[in-house]
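A.B. asks: The structure follows.
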Amino acid sequence: MERTVAYFCMEFGLHEEFPIYAGGLGILAGDFIKSAYDLQRPVIGVGLRWARGYSRQRIGEDGLPVSEFPTYPASFLEDTGVRVRVRVASREVEARVWRTQRWKNAPLVLLEPASQRDAWITQRLYDPTLDARIAQEILLGVGGVRALRKLGLPVDTYHFNEGHAVFAGIELIAERMSRGEVFTSAWQAVRDQIVFTTHTPVAAGNEVHPIAELRRLGANCDLVDGEMRQIGDDPFNMTVAGLRLARRANAVSQLHGEVSRAMWSHVTGAADIIAITNGVHAPTWQDARVRDAVNAPDTLWTTHQVLKRELLDEVALRTGVRLATDVLTIGFARRAAAYKRSDLIFRDPKRLAPLLRDRRLQLVFAGKSHPDDQDGRRIVGRLVEMARAEPSSIVFVPDYDMKLGRLLTRGADVWLNNPIRPLEACGTSGMKAGMNGVLNLSVLDGWWPEACQHGVNGWAVGDGTAAKDQDEADANALYKTLETEVMPAYADRARWIGMMQASIRVCAERFSSDRMVREYFARLYAR
């Protein structure tokens with residue numbers, strides 16, 4: 001039997017009907033296990049079954065997002081019959097193990113507490129309270145290892161997709177120590193089994209927990225404080241632990257690799273960090289009509305107009321705002337985080353206003369804030385405020401999900417991305433857009449430096465150099481590129497279609513999750 005890669009992730013974005021994802025990390029994980037299935041690679045996903053997912057969000061009268069947490073049906077989940085136990089504080093928590101391949105994905109097993117008494121652990125994805133977050137990570141990591149053992153799967157490599165799963169490594173060390181191995185040799189043997197992916201240079205994405213709290217809640221699996229400190233420092237940094245537990249690690253774009261190697265260079269005993277750029281699952285994200293029309297310019301343009309109308313119909317359905325089909329439409333859809341600068345285009349109203357007033361431009365925004373992130377809620381509120389001030393040319397579409405993501409990355413004319421460089425580790429939504437002929441207009445961050453051929457398959461905003469006032473510099477570059485390059489190109493249909501074709505070809509050839517999976521097997525999993 002071919003030995004298996006166990007791919008651990010806190011969230012998996014497979015379909016909007018199964019909302020156990022928050023954003024890019026989960027969508028990437030979903031795309032990964034779909035491509036693993038397509039390529040018949042020996043992968044099994046390991047995650048948690050969230051009772052209420054991340055949230056649904058509507059906009060309140062005050063213009064701020066209101067989060068709701070409905071339950072959702074999951075009749076497609078198969079009960080494997082396997083039950084595992086993990087310790088959380090003083091309690092032994094029993095978890096059932098579900099399984100699904102509903103969306104033509106590699107097998108995905110999901111753990112969920114069996115008793116209502118323990119249901120608090122998986123009520124909400126990324127619960128902000130310390131006890132809930134650590135309990136979730138214990139169930140994912142420790143419970144995941146024990147579930148794989150009971151399922152009888154011959155795992156060769158444990159892949160921790162972000163730091164949330166590192167307690168799996170602690171469990172593997174504790175297993176060996178229970179058989180008489182000393183800590184250092186057990187740790188070294190376990191490192192040979194683990195690889196690790198880091199996804200963000202943003203501090204909030206690299207969790208730390210006091211070791212005393214990990215001991216109180218049982219995450220140390222009976223390792224003593226000194227041993228935990230050797231793995232993850234104190235406070236215990238989940239990314240540092242991932243790097244020290246792994247034989248090899250990777251960042252998710254070439255630029256992110258440079259940033260990550262510099263960011264973690266102080267960590268003694270860390271795995272080498274290579275760069276494997278993310279990709280997206282073409283059958284999920286590329287409309288088949290676009291794929292079939294890429295070599296027929298007139299058909300490609302007609303197809304894009306159909307997709308644009310489908311997007312604008314959905315916008316009207318969700319918001320009551322009917323945008324024009326013949327106006328250059330810019331799409332921007334992101335998780336509401338400050339570094340993504342969703343409102344950068346509004347920095348100079350005097351420069352933007354004529355473009356909107358003269359019907360040369362219209363803007364469609366979408367995105368969710370974490371329910372407990374007040375800064376994120378204010379970011380959404382700012383976009384709603386601008387949309388209410390310019391209802392004929394700006395719209396914010398609430399309750400961003402995979403369905404809306406597909407429509408936006410197929411139906412917009414231009415895909416805007418303006419994070420603070422180099423904080424966007426990859427930015428896979430731009431790949432989805434580019435694969436559909438939606439032209440990227442982006443700061444040279446994440447994946448875009450690898451793909452951008454300025455004026456050929458999209459445009460760079462600025463040249464990637466730092467400035468004293470980065471917001472001002474990037475906003476000026478954005479306006480200049482819009483006025484002098486994007487809009488003239490849109491007026492030249494033949495040129496625009498040629499750029500669409502170039503974008504589709506580059507993204508399909510170089511930025512698919514099939515390429516990503518092959519590269520993981522060749523470069524990360526290989527011994």
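Residue numbers start at 1 in each chain; chains themselves are named A, B, ... in the order of the structure tokens; ligands are numbered from 1 in the order shown.
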Mind the document's chain letters and residue numbers, and return as a list in words the residues of range 187-256 of chain A that DSSP labels strand (DSSP E).
C.D. replies: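 After running DSSP on the backbone, range 187-256 of chain A has strand (DSSP E) at Ile194, Val195, Phe196, Thr197, Val208, His209, Phe236, Asn237, Arg248, Ala249, Asn250 and Ala251 of chain A.
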A.B. asks: Determine the nearest neighbour of Gly462 in chain A from the options A:Tyr520, A:Trp447, A:Tyr479, A:Phe236, counting only C-alpha atoms.
C.D. replies: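 Nearest to Gly462 in chain A: A:Tyr479.
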A.B. asks: Name all residues at most 9 Å from Pro449 in chain A (count only C-alpha atoms; drop same-chain ones fewer than 6 positions away) and give them as a VMD selection string.
C.D. replies: chain A and resid 254 to 255 443 460
A.B. asks: Based on the selection just made, write all heavy atoms of those residues as a CSV table (one decimal), in the first residue's frame.
C.D. replies:
```csv
chain,number,residue,atom,x,y,z
A,254,GLN,N,7.2,32.9,-3.8
A,254,GLN,CA,8.7,33.1,-3.8
A,254,GLN,C,9.1,34.3,-2.9
A,254,GLN,O,10.0,34.2,-2.2
A,254,GLN,CB,9.2,33.3,-5.3
A,254,GLN,CG,8.9,32.2,-6.2
A,254,GLN,CD,9.4,30.8,-5.7
A,254,GLN,OE1,10.6,30.7,-5.3
A,254,GLN,NE2,8.5,29.8,-5.6
A,255,LEU,N,8.3,35.4,-3.0
A,255,LEU,CA,8.6,36.6,-2.2
A,255,LEU,C,8.3,36.2,-0.7
A,255,LEU,O,9.1,36.6,0.2
A,255,LEU,CB,7.7,37.7,-2.6
A,255,LEU,CG,7.8,39.0,-1.7
A,255,LEU,CD1,9.2,39.5,-1.7
A,255,LEU,CD2,6.8,40.1,-2.2
A,443,VAL,N,-0.6,45.5,-6.4
A,443,VAL,CA,0.8,45.7,-5.8
A,443,VAL,C,1.6,44.5,-6.0
A,443,VAL,O,1.1,43.4,-6.1
A,443,VAL,CB,0.6,46.0,-4.3
A,443,VAL,CG1,1.9,46.0,-3.6
A,443,VAL,CG2,-0.1,47.4,-4.1
A,460,ALA,N,1.0,46.1,-12.7
A,460,ALA,CA,1.6,46.3,-11.4
A,460,ALA,C,1.2,47.7,-10.9
A,460,ALA,O,1.2,48.7,-11.7
A,460,ALA,CB,3.1,46.2,-11.4
```
A.B. asks: Using only C-alpha atoms, what table do you get, as JSON lines, when you list each residue of range 432-488 of chain A with an atom no more than 10 Å from range 393-411 of chain A, its nearest pair of atoms, and their distance in Å rounded to one decimal, rows by chain then rising number?
C.D. replies:
```
{"residue": "A:Lys432", "atom": "CA", "partner": "A:Thr409", "partner_atom": "CA", "distance": 6.0}
{"residue": "A:Ala433", "atom": "CA", "partner": "A:Thr409", "partner_atom": "CA", "distance": 4.2}
{"residue": "A:Gly434", "atom": "CA", "partner": "A:Thr409", "partner_atom": "CA", "distance": 7.9}
{"residue": "A:Met435", "atom": "CA", "partner": "A:Arg410", "partner_atom": "CA", "distance": 8.5}
{"residue": "A:Asn436", "atom": "CA", "partner": "A:Arg410", "partner_atom": "CA", "distance": 5.5}
{"residue": "A:Gly437", "atom": "CA", "partner": "A:Arg410", "partner_atom": "CA", "distance": 7.6}
{"residue": "A:Val438", "atom": "CA", "partner": "A:Arg410", "partner_atom": "CA", "distance": 6.6}
{"residue": "A:Leu439", "atom": "CA", "partner": "A:Thr409", "partner_atom": "CA", "distance": 9.7}
```
A.B. asks: Would you put the residues from that selection into a file with all heavy atoms, as an mmCIF file, in the first residue's frame?
C.D. replies:
```
data_model
loop_
_atom_site.group_PDB
_atom_site.id
_atom_site.type_symbol
_atom_site.label_atom_id
_atom_site.label_comp_id
_atom_site.auth_asym_id
_atom_site.auth_seq_id
_atom_site.Cartn_x
_atom_site.Cartn_y
_atom_site.Cartn_z
ATOM 1 N N LYS A 432 -7.464 33.038 -9.353
ATOM 2 C CA LYS A 432 -8.795 32.639 -9.814
ATOM 3 C C LYS A 432 -9.306 33.634 -10.850
ATOM 4 O O LYS A 432 -9.861 33.240 -11.893
ATOM 5 C CB LYS A 432 -9.749 32.561 -8.621
ATOM 6 C CG LYS A 432 -9.375 31.521 -7.594
ATOM 7 C CD LYS A 432 -10.033 31.784 -6.249
ATOM 8 C CE LYS A 432 -9.389 30.924 -5.171
ATOM 9 N NZ LYS A 432 -9.755 31.337 -3.809
ATOM 10 N N ALA A 433 -9.135 34.921 -10.547
ATOM 11 C CA ALA A 433 -9.567 35.946 -11.492
ATOM 12 C C ALA A 433 -8.796 35.825 -12.805
ATOM 13 O O ALA A 433 -9.382 35.788 -13.896
ATOM 14 C CB ALA A 433 -9.375 37.332 -10.872
ATOM 15 N N GLY A 434 -7.474 35.745 -12.692
ATOM 16 C CA GLY A 434 -6.653 35.684 -13.893
ATOM 17 C C GLY A 434 -6.955 34.483 -14.758
ATOM 18 O O GLY A 434 -6.882 34.543 -15.989
ATOM 19 N N MET A 435 -7.320 33.365 -14.130
ATOM 20 C CA MET A 435 -7.656 32.150 -14.857
ATOM 21 C C MET A 435 -8.945 32.301 -15.657
ATOM 22 O O MET A 435 -9.221 31.528 -16.574
ATOM 23 C CB MET A 435 -7.773 30.993 -13.867
ATOM 24 C CG MET A 435 -7.593 29.617 -14.460
ATOM 25 S SD MET A 435 -7.565 28.325 -13.179
ATOM 26 C CE MET A 435 -5.861 28.388 -12.644
ATOM 27 N N ASN A 436 -9.743 33.316 -15.315
ATOM 28 C CA ASN A 436 -10.992 33.601 -16.030
ATOM 29 C C ASN A 436 -10.882 34.820 -16.942
ATOM 30 O O ASN A 436 -11.900 35.291 -17.469
ATOM 31 C CB ASN A 436 -12.122 33.808 -15.028
ATOM 32 C CG ASN A 436 -12.606 32.505 -14.424
ATOM 33 O OD1 ASN A 436 -13.221 31.690 -15.107
ATOM 34 N ND2 ASN A 436 -12.310 32.288 -13.150
ATOM 35 N N GLY A 437 -9.667 35.336 -17.119
ATOM 36 C CA GLY A 437 -9.490 36.498 -17.983
ATOM 37 C C GLY A 437 -9.826 37.813 -17.317
ATOM 38 O O GLY A 437 -9.913 38.846 -17.993
ATOM 39 N N VAL A 438 -10.010 37.810 -15.992
ATOM 40 C CA VAL A 438 -10.185 39.049 -15.239
ATOM 41 C C VAL A 438 -8.785 39.572 -14.939
ATOM 42 O O VAL A 438 -7.979 38.884 -14.314
ATOM 43 C CB VAL A 438 -10.975 38.798 -13.935
ATOM 44 C CG1 VAL A 438 -11.079 40.063 -13.112
ATOM 45 C CG2 VAL A 438 -12.366 38.245 -14.268
ATOM 46 N N LEU A 439 -8.483 40.778 -15.391
ATOM 47 C CA LEU A 439 -7.108 41.259 -15.372
ATOM 48 C C LEU A 439 -6.727 41.800 -13.999
ATOM 49 O O LEU A 439 -7.443 42.613 -13.416
ATOM 50 C CB LEU A 439 -6.917 42.334 -16.443
ATOM 51 C CG LEU A 439 -7.232 41.877 -17.876
ATOM 52 C CD1 LEU A 439 -6.959 42.993 -18.859
ATOM 53 C CD2 LEU A 439 -6.422 40.632 -18.249
#
```
A.B. asks: In terms of the shortest atom-to-atom distance over only C-alpha atoms, which of A:Phe18, A:Ala203, A:Val182, A:Thr71 is closest to Met263 in chain A?
C.D. replies: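 Once distances to Met263 in chain A are computed over only C-alpha atoms, the minimum belongs to A:Ala203.
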A.B. asks: Go ahead and compute the interatomic distance for CA of Arg117 in chain A and CA of Arg91 in chain A, in Å to one decimal.
C.D. replies: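 These two atoms are separated by 10.5 Å.
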A.B. asks: Could you pull out the alpha helix (DSSP H) residues of range 174-227 of chain A from DSSP and send them as a PyMOL selection string?
C.D. replies: chain A and resi 174-178+183-191+211-217+225-227
A.B. asks: Emit the selected residues as a compact mmCIF listing (two decimals), in the first residue's frame, including C-alpha atoms.
C.D. replies:
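Ended up saving to selection17.txt:
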```txt
# COMPACT_ATOMS: atom_id res chain seq x y z
CA ALA A 174 4.82 11.58 23.57
CA GLU A 175 3.92 8.28 21.87
CA ARG A 176 7.58 7.43 21.39
CA MET A 177 8.52 8.52 24.90
CA SER A 178 5.79 6.25 26.32
CA PHE A 183 12.92 13.18 24.52
CA THR A 184 15.74 14.23 22.19
CA SER A 185 15.77 11.03 20.14
CA ALA A 186 11.97 10.92 20.02
CA TRP A 187 11.90 14.52 18.76
CA GLN A 188 14.51 13.79 16.10
CA ALA A 189 12.63 10.69 14.89
CA VAL A 190 9.34 12.60 14.73
CA ARG A 191 10.93 15.42 12.72
CA ILE A 211 3.16 27.18 28.42
CA ALA A 212 1.39 27.17 31.79
CA GLU A 213 -1.96 27.38 29.97
CA LEU A 214 -0.98 24.58 27.60
CA ARG A 215 -0.12 22.43 30.62
CA ARG A 216 -3.39 23.30 32.35
CA LEU A 217 -5.40 22.33 29.27
CA ASP A 225 7.69 22.57 30.52
CA GLY A 226 11.38 22.47 29.62
CA GLU A 227 10.72 20.12 26.73
```
